[in-house]
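Enquirer: Below is the file input_30.cif, which contains mmCIF, C-alpha atoms and all ligand atoms.
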```
data_target
loop_
_atom_site.label_atom_id
_atom_site.label_comp_id
_atom_site.auth_asym_id
_atom_site.auth_seq_id
_atom_site.Cartn_x
_atom_site.Cartn_y
_atom_site.Cartn_z
CA MET A 1 20.14 -12.35 26.49
CA GLN A 2 20.49 -9.00 24.70
CA HIS A 3 18.09 -8.67 21.74
CA SER A 4 18.68 -6.27 18.89
CA PRO A 5 15.68 -3.92 18.60
CA MET A 6 13.19 -5.78 16.47
CA ARG A 7 11.68 -4.44 13.28
CA PHE A 8 8.24 -2.85 13.21
CA GLU A 9 6.27 -5.84 11.88
CA THR A 10 7.72 -8.12 14.53
CA ARG A 11 7.07 -5.69 17.36
CA ALA A 12 3.48 -5.23 16.15
CA VAL A 13 2.89 -8.99 16.28
CA HIS A 14 4.53 -9.69 19.64
CA ALA A 15 4.53 -6.61 21.91
CA GLY A 16 2.26 -7.07 24.92
CA GLY A 17 1.74 -10.68 23.87
CA GLU A 18 3.57 -12.77 26.45
CA PRO A 19 1.72 -16.05 27.00
CA ASP A 20 -0.64 -15.89 29.98
CA PRO A 21 1.46 -17.00 32.99
CA ALA A 22 -1.51 -18.76 34.62
CA THR A 23 -2.54 -20.92 31.63
CA GLY A 24 0.03 -20.62 28.84
CA ALA A 25 -2.66 -19.15 26.55
CA ILE A 26 -1.08 -17.61 23.46
CA ALA A 27 -3.97 -15.22 22.77
CA PRO A 28 -4.05 -12.63 25.56
CA PRO A 29 -6.77 -13.08 28.19
CA ILE A 30 -9.34 -10.31 28.72
CA HIS A 31 -9.50 -9.43 32.40
CA LEU A 32 -12.91 -7.90 33.10
CA SER A 33 -12.30 -7.49 36.83
CA THR A 34 -12.88 -3.94 38.01
CA THR A 35 -10.98 -4.51 41.24
CA PHE A 36 -7.84 -6.35 42.37
CA GLU A 37 -7.09 -7.85 45.75
CA HIS A 38 -4.79 -5.77 47.92
CA GLY A 39 -3.29 -6.08 51.37
CA PRO A 40 -4.96 -4.88 54.59
CA ALA A 41 -3.27 -1.47 54.32
CA GLY A 42 -3.96 -1.11 50.58
CA GLU A 43 -0.70 -2.80 49.51
CA PRO A 44 -1.11 -3.66 45.80
CA HIS A 45 -0.72 -7.20 44.48
CA ALA A 46 2.58 -7.84 42.68
CA ALA A 47 0.97 -6.98 39.32
CA GLY A 48 0.34 -3.48 40.66
CA HIS A 49 -3.35 -3.08 39.84
CA ILE A 50 -5.90 -1.70 42.33
CA TYR A 51 -8.93 -0.42 40.41
CA ILE A 52 -9.87 -0.58 36.72
CA ARG A 53 -9.94 3.19 36.15
CA GLU A 54 -6.31 3.51 37.24
CA SER A 55 -4.84 0.48 35.46
CA ASN A 56 -5.81 -3.04 34.44
CA PRO A 57 -3.97 -6.01 32.91
CA THR A 58 -5.55 -5.90 29.43
CA GLN A 59 -4.86 -2.19 29.14
CA SER A 60 -1.26 -2.74 30.28
CA ARG A 61 -0.70 -5.21 27.44
CA LEU A 62 -2.10 -2.72 24.93
CA GLU A 63 0.05 0.10 26.31
CA GLU A 64 3.17 -2.02 26.08
CA ALA A 65 2.33 -2.68 22.42
CA LEU A 66 1.53 0.99 21.67
CA ALA A 67 4.85 2.13 23.14
CA ALA A 68 6.73 -0.57 21.22
CA ILE A 69 5.22 0.21 17.83
CA GLU A 70 5.80 3.97 18.19
CA GLY A 71 9.29 3.56 19.63
CA GLY A 72 8.31 5.49 22.77
CA GLU A 73 9.20 4.95 26.43
CA ALA A 74 5.54 4.72 27.42
CA ALA A 75 2.00 4.90 26.09
CA LEU A 76 -1.48 5.45 27.50
CA SER A 77 -4.70 4.10 26.06
CA PHE A 78 -8.02 5.95 26.27
CA GLY A 79 -11.68 5.39 25.58
CA SER A 80 -11.52 7.60 22.46
CA GLY A 81 -9.12 9.62 20.34
CA VAL A 82 -10.65 12.87 21.54
CA GLY A 83 -10.37 11.67 25.16
CA ALA A 84 -6.65 11.15 24.58
CA GLY A 85 -6.33 14.65 23.12
CA ALA A 86 -8.27 16.26 25.96
CA ALA A 87 -6.13 14.50 28.59
CA CYS A 88 -3.03 15.88 26.89
CA LEU A 89 -4.34 19.46 26.62
CA GLN A 90 -5.50 19.37 30.23
CA ALA A 91 -1.98 18.37 31.24
CA LEU A 92 -0.70 21.85 30.32
CA GLU A 93 -0.39 24.76 32.74
CA PRO A 94 -3.07 27.46 33.03
CA GLY A 95 -1.93 30.38 30.88
CA ALA A 96 -0.32 28.07 28.31
CA HIS A 97 -0.61 28.78 24.60
CA VAL A 98 -1.19 25.92 22.15
CA LEU A 99 -0.35 26.44 18.49
CA PHE A 100 -2.45 24.31 16.11
CA HIS A 101 -2.03 23.64 12.42
CA ARG A 102 -4.90 25.29 10.56
CA ASP A 103 -6.28 22.08 9.07
CA LEU A 104 -7.07 19.73 11.92
CA TYR A 105 -9.55 17.12 13.07
CA TYR A 106 -12.77 19.05 13.66
CA ALA A 107 -13.34 18.01 17.30
CA PHE A 108 -9.87 19.29 18.22
CA ARG A 109 -10.70 22.59 16.53
CA THR A 110 -13.82 22.75 18.73
CA MET A 111 -11.72 21.93 21.80
CA ALA A 112 -9.25 24.67 20.88
CA VAL A 113 -11.88 27.34 20.27
CA GLU A 114 -14.50 26.49 22.90
CA TYR A 115 -12.69 24.65 25.66
CA LEU A 116 -9.11 25.92 25.90
CA PRO A 117 -10.24 29.43 26.94
CA ARG A 118 -12.50 27.87 29.61
CA TRP A 119 -9.49 25.90 30.85
CA GLY A 120 -7.51 29.15 31.06
CA MET A 121 -5.38 28.53 27.97
CA GLU A 122 -4.89 30.25 24.62
CA ALA A 123 -5.19 28.66 21.20
CA SER A 124 -4.13 29.97 17.81
CA PHE A 125 -3.90 28.51 14.33
CA VAL A 126 -1.28 28.79 11.63
CA ASP A 127 -0.60 27.16 8.29
CA MET A 128 2.32 24.89 9.25
CA THR A 129 3.15 24.12 5.64
CA ASP A 130 4.68 27.64 5.94
CA LEU A 131 7.64 27.23 8.32
CA ASP A 132 8.38 30.97 8.60
CA ALA A 133 4.78 31.67 9.58
CA THR A 134 4.99 28.81 12.08
CA GLU A 135 8.14 30.19 13.67
CA HIS A 136 6.53 33.63 13.99
CA ALA A 137 3.38 32.19 15.51
CA LEU A 138 5.27 30.62 18.43
CA ARG A 139 4.92 32.64 21.64
CA PRO A 140 6.94 32.74 24.85
CA ASN A 141 4.12 30.79 26.57
CA THR A 142 3.67 28.21 23.79
CA GLN A 143 3.80 24.88 25.63
CA LEU A 144 2.48 22.62 22.91
CA VAL A 145 2.54 22.58 19.11
CA TRP A 146 -0.29 20.45 17.69
CA THR A 147 0.09 18.92 14.25
CA GLU A 148 -1.48 16.26 12.09
CA SER A 149 0.14 14.69 9.02
CA PRO A 150 -1.46 13.80 6.70
CA THR A 151 -4.27 16.10 7.78
CA ASN A 152 -7.91 15.19 8.05
CA PRO A 153 -9.56 15.89 5.64
CA THR A 154 -7.46 17.87 3.12
CA MET A 155 -4.43 15.51 3.14
CA GLN A 156 -1.80 18.19 3.70
CA ILE A 157 1.67 16.99 4.66
CA LEU A 158 3.61 18.81 7.37
CA ASP A 159 7.40 18.65 7.63
CA LEU A 160 7.54 17.02 11.05
CA ARG A 161 11.33 17.18 11.44
CA ALA A 162 11.37 20.90 10.70
CA ILE A 163 8.41 21.62 12.99
CA ALA A 164 10.03 19.53 15.75
CA ALA A 165 13.15 21.68 15.50
CA LEU A 166 11.12 24.91 15.64
CA SER A 167 9.11 23.66 18.62
CA LYS A 168 12.21 22.59 20.48
CA GLY A 169 13.83 25.96 19.79
CA ALA A 170 10.81 27.67 21.38
CA GLY A 171 10.76 25.36 24.39
CA ALA A 172 7.47 23.79 23.34
CA LEU A 173 6.50 20.13 23.06
CA LEU A 174 5.36 18.73 19.71
CA LEU A 175 2.28 16.52 19.41
CA VAL A 176 1.52 14.71 16.16
CA ASP A 177 -1.93 13.28 15.51
CA GLY A 178 -0.72 10.26 13.55
CA THR A 179 -4.13 8.65 13.02
CA PHE A 180 -4.01 8.71 9.20
CA ALA A 181 -0.46 7.43 8.82
CA THR A 182 -0.27 4.95 11.73
CA PRO A 183 3.15 3.90 13.08
CA ALA A 184 3.33 1.31 10.31
CA LEU A 185 4.09 4.15 7.86
CA GLN A 186 5.35 7.07 9.98
CA ARG A 187 6.85 7.21 13.47
CA PRO A 188 6.86 10.84 14.63
CA LEU A 189 8.93 10.17 17.78
CA GLU A 190 11.80 9.17 15.49
CA LEU A 191 11.35 12.50 13.65
CA GLY A 192 11.63 14.57 16.84
CA ALA A 193 8.06 14.71 18.19
CA ASP A 194 7.39 14.34 21.92
CA VAL A 195 3.97 12.71 21.83
CA VAL A 196 1.90 10.91 19.21
CA LEU A 197 -1.88 10.76 19.34
CA HIS A 198 -4.06 8.10 17.73
CA SER A 199 -7.69 7.51 17.31
CA THR A 200 -7.32 3.73 17.63
CA THR A 201 -10.92 3.58 16.41
CA LYS A 202 -9.41 3.92 12.95
CA SER A 203 -6.58 1.85 11.47
CA LEU A 204 -5.14 0.43 14.69
CA GLY A 205 -8.46 -1.23 15.52
CA GLY A 206 -8.84 -1.61 11.77
CA HIS A 207 -12.28 -3.23 11.53
CA SER A 208 -14.74 -0.43 12.39
CA ASP A 209 -15.78 -2.21 15.57
CA VAL A 210 -13.93 -0.64 18.51
CA HIS A 211 -13.64 2.88 19.90
CA GLY A 212 -10.38 4.03 21.46
CA GLY A 213 -7.53 6.50 21.62
CA ALA A 214 -3.86 6.51 22.54
CA LEU A 215 -0.92 8.71 23.42
CA ALA A 216 2.65 7.46 22.94
CA PHE A 217 5.42 9.42 24.63
CA ARG A 218 9.10 9.92 23.81
CA SER A 219 9.82 9.78 27.54
CA ARG A 220 8.11 8.95 30.79
CA GLY A 221 8.15 12.64 31.63
CA GLU A 222 5.86 15.12 33.26
CA LEU A 223 3.44 15.32 30.32
CA MET A 224 2.90 11.57 30.45
CA HIS A 225 2.36 11.52 34.22
CA ARG A 226 -0.10 14.41 34.06
CA ALA A 227 -2.05 12.86 31.17
CA GLN A 228 -2.20 9.59 33.12
CA HIS A 229 -3.47 11.42 36.20
CA ASN A 230 -6.12 13.15 34.04
CA ARG A 231 -7.29 9.79 32.74
CA HIS A 232 -7.51 8.42 36.27
CA ILE A 233 -9.36 11.42 37.71
CA LEU A 234 -11.40 12.55 34.67
CA GLY A 235 -12.15 9.03 33.52
CA ALA A 236 -11.58 8.69 29.73
CA VAL A 237 -10.68 5.02 30.18
CA ALA A 238 -11.21 2.22 27.64
CA SER A 239 -12.98 -0.99 28.65
CA PRO A 240 -10.85 -4.15 28.84
CA PHE A 241 -12.71 -5.53 25.83
CA ALA A 242 -11.96 -2.39 23.79
CA SER A 243 -8.27 -2.57 24.83
CA TRP A 244 -8.17 -6.20 23.75
CA MET A 245 -9.75 -5.40 20.38
CA VAL A 246 -7.21 -2.65 19.65
CA LEU A 247 -4.35 -4.97 20.66
CA ARG A 248 -5.72 -7.56 18.28
CA GLY A 249 -5.96 -4.98 15.48
CA ILE A 250 -2.30 -3.99 15.96
CA ARG A 251 -1.24 -7.57 15.13
CA THR A 252 -2.23 -7.14 11.47
CA LEU A 253 -1.57 -3.40 11.15
CA ALA A 254 1.61 -3.65 9.07
CA CYS A 255 0.13 -5.86 6.38
CA ARG A 256 -3.18 -3.99 6.24
CA MET A 257 -1.44 -0.63 5.83
CA GLU A 258 0.91 -2.00 3.19
CA ARG A 259 -1.97 -3.36 1.11
CA GLN A 260 -4.31 -0.41 1.69
CA SER A 261 -1.52 2.01 0.72
CA ALA A 262 -0.82 0.11 -2.51
CA THR A 263 -4.51 0.08 -3.37
CA ALA A 264 -4.94 3.76 -2.50
CA LEU A 265 -2.03 4.67 -4.75
CA ALA A 266 -3.57 2.67 -7.61
CA VAL A 267 -6.94 4.38 -7.05
CA ALA A 268 -5.36 7.87 -6.87
CA ARG A 269 -3.38 7.27 -10.07
CA ALA A 270 -6.47 5.97 -11.88
CA LEU A 271 -8.51 9.02 -10.86
CA GLU A 272 -5.88 11.72 -11.42
CA GLY A 273 -6.90 13.80 -14.43
CA ASN A 274 -10.46 12.44 -14.48
CA PRO A 275 -12.66 15.21 -15.96
CA GLY A 276 -15.21 14.70 -13.17
CA LEU A 277 -12.61 15.80 -10.59
CA ARG A 278 -10.89 19.11 -9.94
CA SER A 279 -8.10 17.37 -8.04
CA VAL A 280 -7.03 14.26 -6.18
CA HIS A 281 -5.21 14.82 -2.89
CA TYR A 282 -2.99 11.85 -2.12
CA PRO A 283 0.61 12.32 -0.94
CA GLY A 284 1.74 9.31 -2.99
CA LEU A 285 1.07 11.16 -6.25
CA GLU A 286 4.21 12.83 -7.66
CA SER A 287 2.04 15.88 -8.42
CA ASP A 288 0.93 16.29 -4.80
CA PRO A 289 2.39 19.37 -3.06
CA GLY A 290 3.26 17.23 -0.02
CA HIS A 291 4.90 14.41 -1.98
CA ALA A 292 8.57 15.34 -1.42
CA VAL A 293 8.15 15.84 2.33
CA ALA A 294 6.04 12.69 2.62
CA MET A 295 8.80 10.71 0.86
CA GLY A 296 11.17 11.79 3.63
CA GLN A 297 8.96 10.82 6.57
CA MET A 298 6.55 8.07 5.46
CA SER A 299 7.35 4.60 4.15
CA ALA A 300 4.08 4.51 2.15
CA PHE A 301 1.22 6.98 1.87
CA GLY A 302 -1.72 5.39 3.63
CA ALA A 303 -5.34 4.51 3.02
CA MET A 304 -6.80 8.02 2.98
CA MET A 305 -7.32 10.47 0.14
CA SER A 306 -9.62 13.32 -0.69
CA LEU A 307 -11.27 14.14 -4.00
CA ARG A 308 -12.34 17.61 -5.06
CA VAL A 309 -15.27 16.99 -7.36
CA ALA A 310 -16.18 19.16 -10.36
CA GLY A 311 -19.45 21.04 -9.92
CA GLY A 312 -18.99 22.20 -6.31
CA ARG A 313 -21.14 20.89 -3.49
CA GLU A 314 -23.79 19.60 -5.85
CA GLY A 315 -21.24 17.62 -7.86
CA ALA A 316 -19.71 16.15 -4.72
CA VAL A 317 -23.02 15.11 -3.18
CA ARG A 318 -24.14 13.65 -6.53
CA ALA A 319 -20.96 11.56 -6.73
CA ALA A 320 -21.46 10.39 -3.13
CA SER A 321 -25.03 9.38 -3.97
CA ARG A 322 -23.95 7.24 -6.93
CA VAL A 323 -21.49 4.86 -5.28
CA LYS A 324 -22.47 1.20 -5.22
CA LEU A 325 -19.55 -0.46 -3.42
CA PHE A 326 -18.25 2.36 -1.22
CA ARG A 327 -20.55 3.19 1.68
CA ASN A 328 -21.35 6.73 2.74
CA ALA A 329 -20.17 6.71 6.34
CA THR A 330 -17.89 8.64 8.62
CA SER A 331 -14.75 7.16 10.19
CA LEU A 332 -11.93 5.44 8.35
CA GLY A 333 -9.18 2.87 8.44
CA GLY A 334 -11.41 -0.23 8.32
CA VAL A 335 -11.26 -3.15 5.91
CA GLU A 336 -14.28 -1.83 3.97
CA SER A 337 -13.94 1.28 1.80
CA LEU A 338 -15.94 4.31 2.93
CA LEU A 339 -16.43 7.84 1.72
CA GLU A 340 -18.30 10.93 2.79
CA HIS A 341 -19.06 14.49 1.82
CA ARG A 342 -17.07 15.80 4.75
CA ARG A 343 -18.46 19.31 5.02
CA SER A 344 -21.95 17.90 5.57
CA VAL A 345 -20.86 16.08 8.74
CA GLU A 346 -18.55 18.75 10.21
CA SER A 347 -19.88 21.90 11.87
CA PRO A 348 -21.42 24.53 9.54
CA ASP A 349 -18.46 26.88 10.06
CA SER A 350 -15.97 24.19 9.03
CA PRO A 351 -13.25 25.36 6.63
CA THR A 352 -13.47 22.08 4.67
CA PRO A 353 -14.16 22.80 0.99
CA ASP A 354 -17.70 22.14 -0.21
CA ASP A 355 -16.62 20.00 -3.15
CA LEU A 356 -14.48 17.59 -1.06
CA ILE A 357 -15.18 13.91 -0.62
CA ARG A 358 -13.00 12.09 1.90
CA VAL A 359 -12.19 8.52 0.93
CA SER A 360 -10.95 5.64 3.10
CA ILE A 361 -9.58 2.76 1.07
CA GLY A 362 -10.10 -0.75 2.45
CA LEU A 363 -8.97 -4.22 1.45
CA GLU A 364 -11.17 -4.78 -1.62
CA HIS A 365 -9.63 -5.35 -5.06
CA PRO A 366 -8.39 -2.01 -6.43
CA ASP A 367 -10.16 -2.48 -9.78
CA ASP A 368 -13.55 -2.78 -8.09
CA LEU A 369 -12.91 0.44 -6.18
CA ILE A 370 -11.69 2.27 -9.28
CA GLU A 371 -14.73 1.18 -11.33
CA ASP A 372 -17.09 2.37 -8.61
CA LEU A 373 -15.45 5.81 -8.23
CA VAL A 374 -15.08 6.33 -11.99
CA GLN A 375 -18.81 5.78 -12.56
CA ALA A 376 -19.67 7.93 -9.51
CA VAL A 377 -17.73 11.00 -10.65
CA ALA A 378 -18.60 10.69 -14.38
CA VAL A 379 -19.80 14.03 -15.75
C1 LIG B 1 -11.33 10.11 14.33
C2 LIG B 1 -10.18 10.99 14.58
C3 LIG B 1 -9.95 11.53 15.84
C4 LIG B 1 -10.91 11.32 17.00
O1 LIG B 1 -10.94 10.03 17.45
P1 LIG B 1 -12.22 9.35 18.18
O2 LIG B 1 -11.72 7.97 18.41
O3 LIG B 1 -13.35 9.43 17.22
O4 LIG B 1 -12.47 10.12 19.41
C5 LIG B 1 -8.82 12.30 16.02
N1 LIG B 1 -7.98 12.57 15.01
C6 LIG B 1 -8.17 12.09 13.77
C7 LIG B 1 -7.20 12.43 12.70
C8 LIG B 1 -9.29 11.29 13.51
O5 LIG B 1 -9.48 10.82 12.26
#
```
In structure tokens, what does this structure look like?
Ligand SMILES: *Cc1c(COP(=O)(O)O)cnc(C)c1O

Expert:
Amino acid sequence: MQHSPMRFETRAVHAGGEPDPATGAIAPPIHLSTTFEHGPAGEPHAAGHIYIRESNPTQSRLEEALAAIEGGEAALSFGSGVGAGAACLQALEPGAHVLFHRDLYYAFRTMAVEYLPRWGMEASFVDMTDLDATEHALRPNTQLVWTESPTNPTMQILDLRAIAALSKGAGALLLVDGTFATPALQRPLELGADVVLHSTTKSLGGHSDVHGGALAFRSRGELMHRAQHNRHILGAVASPFASWMVLRGIRTLACRMERQSATALAVARALEGNPGLRSVHYPGLESDPGHAVAMGQMSAFGAMMSLRVAGGREGAVRAASRVKLFRNATSLGGVESLLEHRRSVESPDSPTPDDLIRVSIGLEHPDDLIEDLVQAVAV
């Protein structure tokens, strides 16, 4: 029977979730086996698995779900978000140039600056909110354009359709780190990107209890095959238990993101104009410079925001020290609200402003979160 393509929420609940053929179990089994019986000349079993590092049944279920929720032909899961990114960068040719947006996840900046030259590649940075500058920064050997939207931690919004067109025009592939938005709110492959990266440690896992990463690909092309080979040979593989936890998180992603986005918008609106703050960066605010672009590519604005606190570093650290409900902790996308003075946990040469607090909104009642932040930033 021919099915119409199902809607996001339905795919997120069912993809990779066929009942276990051996038992009928509705919840997916976790297969811990590291090895799978094969024939005398190495012929794989019908399921196709040989050794855990190459593929395994729990990971296959997760990858089916990741591809389905991003609308891609294929997906790969990894042991971490940075492992996924490294596998993708290492899939490029020696001599390749990678163009990065200026504001990006700090470990990828480190990879660009320290590691790409060692791997025989070039990296450069440009402010991709400026499309002319972006076009000029593309080089004949640019193989990959690396974006994030919204960005971690300054919450900039990049026009992904426009950047996809520029990348395509230059013969480069476009990667979007979609960790903040998640496919519940933004699906970059539908906007023209070639590959989407996730730290599944964040909202896909959703409960601050599993570490993982993912790449979802527009097509089963060369980039995907090379990244898969890198995972197999270089080893950034997730455990079956971690794969199972991420798959479980995906089941509730749509409703968590819907609620966390609504709460984040309420918090941002309540804080906007507070005399203890210089600014609130949240793309759902009409005053936000990224609002119009975000309206065209996101269905809601996500759980993340950043606050620029009055009084510089001292003001920001004081506010972070006063919270009673929020916890000071890194990471994001869990059910509990977290915040952190971001500059303090990035490298000393980080471009993150000194007065910035990054906030991850969880599933608590919005009024409790607003009360806590209002008393924390009071002058
Ligand atoms: C956390 C994060 C990463 C890195 O993921 P890990 O799972 O910690 O390796 C990459 N990109 C963004 C936007 C992140 O927030």

Enquirer: Any idea what the distance is between atom CA of A:Val126 and atom CA of A:Val145?

Expert: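 Value for the atom CA of A:Val126-atom CA of A:Val145 distance: 10.4 Å.
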
Enquirer: Could you give me, as a short mmCIF file (atom, residue, chain, number, x, y, z; two decimals) with C-alpha atoms, keeping the file's coordinate frame, the residues that have an atom at most 9 Å away from the point (3.0, -8.0, 15.7) in the coordinates of the file, using all atoms listed in the file?

Expert:
```cif
data_model
loop_
_atom_site.label_atom_id
_atom_site.label_comp_id
_atom_site.auth_asym_id
_atom_site.auth_seq_id
_atom_site.Cartn_x
_atom_site.Cartn_y
_atom_site.Cartn_z
CA PHE A 8 8.24 -2.85 13.21
CA GLU A 9 6.27 -5.84 11.88
CA THR A 10 7.72 -8.12 14.53
CA ARG A 11 7.07 -5.69 17.36
CA ALA A 12 3.48 -5.23 16.15
CA VAL A 13 2.89 -8.99 16.28
CA HIS A 14 4.53 -9.69 19.64
CA ALA A 15 4.53 -6.61 21.91
CA GLY A 17 1.74 -10.68 23.87
CA ALA A 65 2.33 -2.68 22.42
CA ILE A 69 5.22 0.21 17.83
CA ILE A 250 -2.30 -3.99 15.96
CA ARG A 251 -1.24 -7.57 15.13
CA THR A 252 -2.23 -7.14 11.47
CA LEU A 253 -1.57 -3.40 11.15
CA ALA A 254 1.61 -3.65 9.07
#
```

Enquirer: Compute the set of protein, DNA and RNA residues whose minimum atom distance to ligand LIG 1 (chain B) is at most 7 Å, using all atoms listed in the file, and state it as a list of chain:residue names.

Expert: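 Taking all atoms listed in the file into account, the residues around ligand LIG 1 (chain B) at most 7 Å away are A:Ser80, A:Gly81, A:Val82, A:Gly83, A:Tyr105, A:Glu148, A:Thr151, A:Asn152, A:Asp177, A:Gly178, A:Thr179, A:Phe180, A:His198, A:Ser199, A:Thr200, A:Thr201, A:Lys202, A:His211, A:Gly212, A:Gly213, A:Ser331.
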
Enquirer: Could you give me, as a CSV table (one decimal) with C-alpha atoms, in the frame of the given file, the residues that have an atom at most 9 Å away from the point (-18.6, 19.3, 0.8) in the coordinates of the file, using all atoms listed in the file?

Expert:
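Okay, this is what ended up in result25.csv:
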```
chain,number,residue,atom,x,y,z
A,308,ARG,CA,-12.3,17.6,-5.1
A,312,GLY,CA,-19.0,22.2,-6.3
A,313,ARG,CA,-21.1,20.9,-3.5
A,314,GLU,CA,-23.8,19.6,-5.8
A,316,ALA,CA,-19.7,16.2,-4.7
A,317,VAL,CA,-23.0,15.1,-3.2
A,340,GLU,CA,-18.3,10.9,2.8
A,341,HIS,CA,-19.1,14.5,1.8
A,342,ARG,CA,-17.1,15.8,4.8
A,343,ARG,CA,-18.5,19.3,5.0
A,344,SER,CA,-22.0,17.9,5.6
A,345,VAL,CA,-20.9,16.1,8.7
A,352,THR,CA,-13.5,22.1,4.7
A,353,PRO,CA,-14.2,22.8,1.0
A,354,ASP,CA,-17.7,22.1,-0.2
A,355,ASP,CA,-16.6,20.0,-3.2
A,356,LEU,CA,-14.5,17.6,-1.1
A,357,ILE,CA,-15.2,13.9,-0.6
```

Enquirer: Could you list, as an mmCIF file with C-alpha atoms, in the frame of the given file, every residue within 8 Å of A:Thr129, counting all atoms listed in the file and ignoring same-chain residues fewer than 3 positions away?

Expert:
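Below is the file part-v5.cif, written as the result:
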```
data_model
loop_
_atom_site.group_PDB
_atom_site.id
_atom_site.type_symbol
_atom_site.label_atom_id
_atom_site.label_comp_id
_atom_site.auth_asym_id
_atom_site.auth_seq_id
_atom_site.Cartn_x
_atom_site.Cartn_y
_atom_site.Cartn_z
ATOM 1 C CA GLN A 156 -1.800 18.190 3.700
ATOM 2 C CA ILE A 157 1.670 16.990 4.660
ATOM 3 C CA LEU A 158 3.610 18.810 7.370
ATOM 4 C CA ASP A 159 7.400 18.650 7.630
#
```

Enquirer: So how far away is atom CA of A:Val280 from atom CA of A:Gly315, in Å?

Expert: 14.7 Å

Enquirer: Of the residues A:Ala193, A:Cys88, A:Ile370, A:Val379, which is the one nearest to A:Gly276, using all atoms listed in the file?

Expert: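 Result for the nearest residue to A:Gly276: A:Val379.
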
Enquirer: Rounded to one decimal place, report the atom CA of A:Leu92-atom CA of A:Ile50 distance in Å.

Expert: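 About the pair atom CA of A:Leu92 and atom CA of A:Ile50: they are 26.9 Å apart.
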
Enquirer: Edge lengths and centre in Å to one decimal, as lines of an AutoDock Vina configuration file, of the axis-aligned box that encloses all listed atoms of stretch 245-257 of chain A with 8 Å added on every side?

Expert:
```
center_x = -4.1
center_y = -4.1
center_z = 13.2
size_x = 27.4
size_y = 22.9
size_z = 30.8
```

Enquirer: Identify, on the basis of all atoms listed in the file, every residue whose closest approach to A:Gly302 does not exceed 7 Å; exclude the query and any residue fewer than 2 positions from it along the same chain; express the result as a PyMOL selection string.

Expert: chain A and resi 180-181+257+260-261+300+304

Enquirer: Those same residues - C-alpha atoms - I'd like them written as a short mmCIF file (atom, residue, chain, number, x, y, z; two decimals), in the coordinates of the input.

Expert:
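To be explicit, this is the file written out as out-v6.cif:
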```cif
data_model
loop_
_atom_site.label_atom_id
_atom_site.label_comp_id
_atom_site.auth_asym_id
_atom_site.auth_seq_id
_atom_site.Cartn_x
_atom_site.Cartn_y
_atom_site.Cartn_z
CA PHE A 180 -4.01 8.71 9.20
CA ALA A 181 -0.46 7.43 8.82
CA MET A 257 -1.44 -0.63 5.83
CA GLN A 260 -4.31 -0.41 1.69
CA SER A 261 -1.52 2.01 0.72
CA ALA A 300 4.08 4.51 2.15
CA MET A 304 -6.80 8.02 2.98
#
```
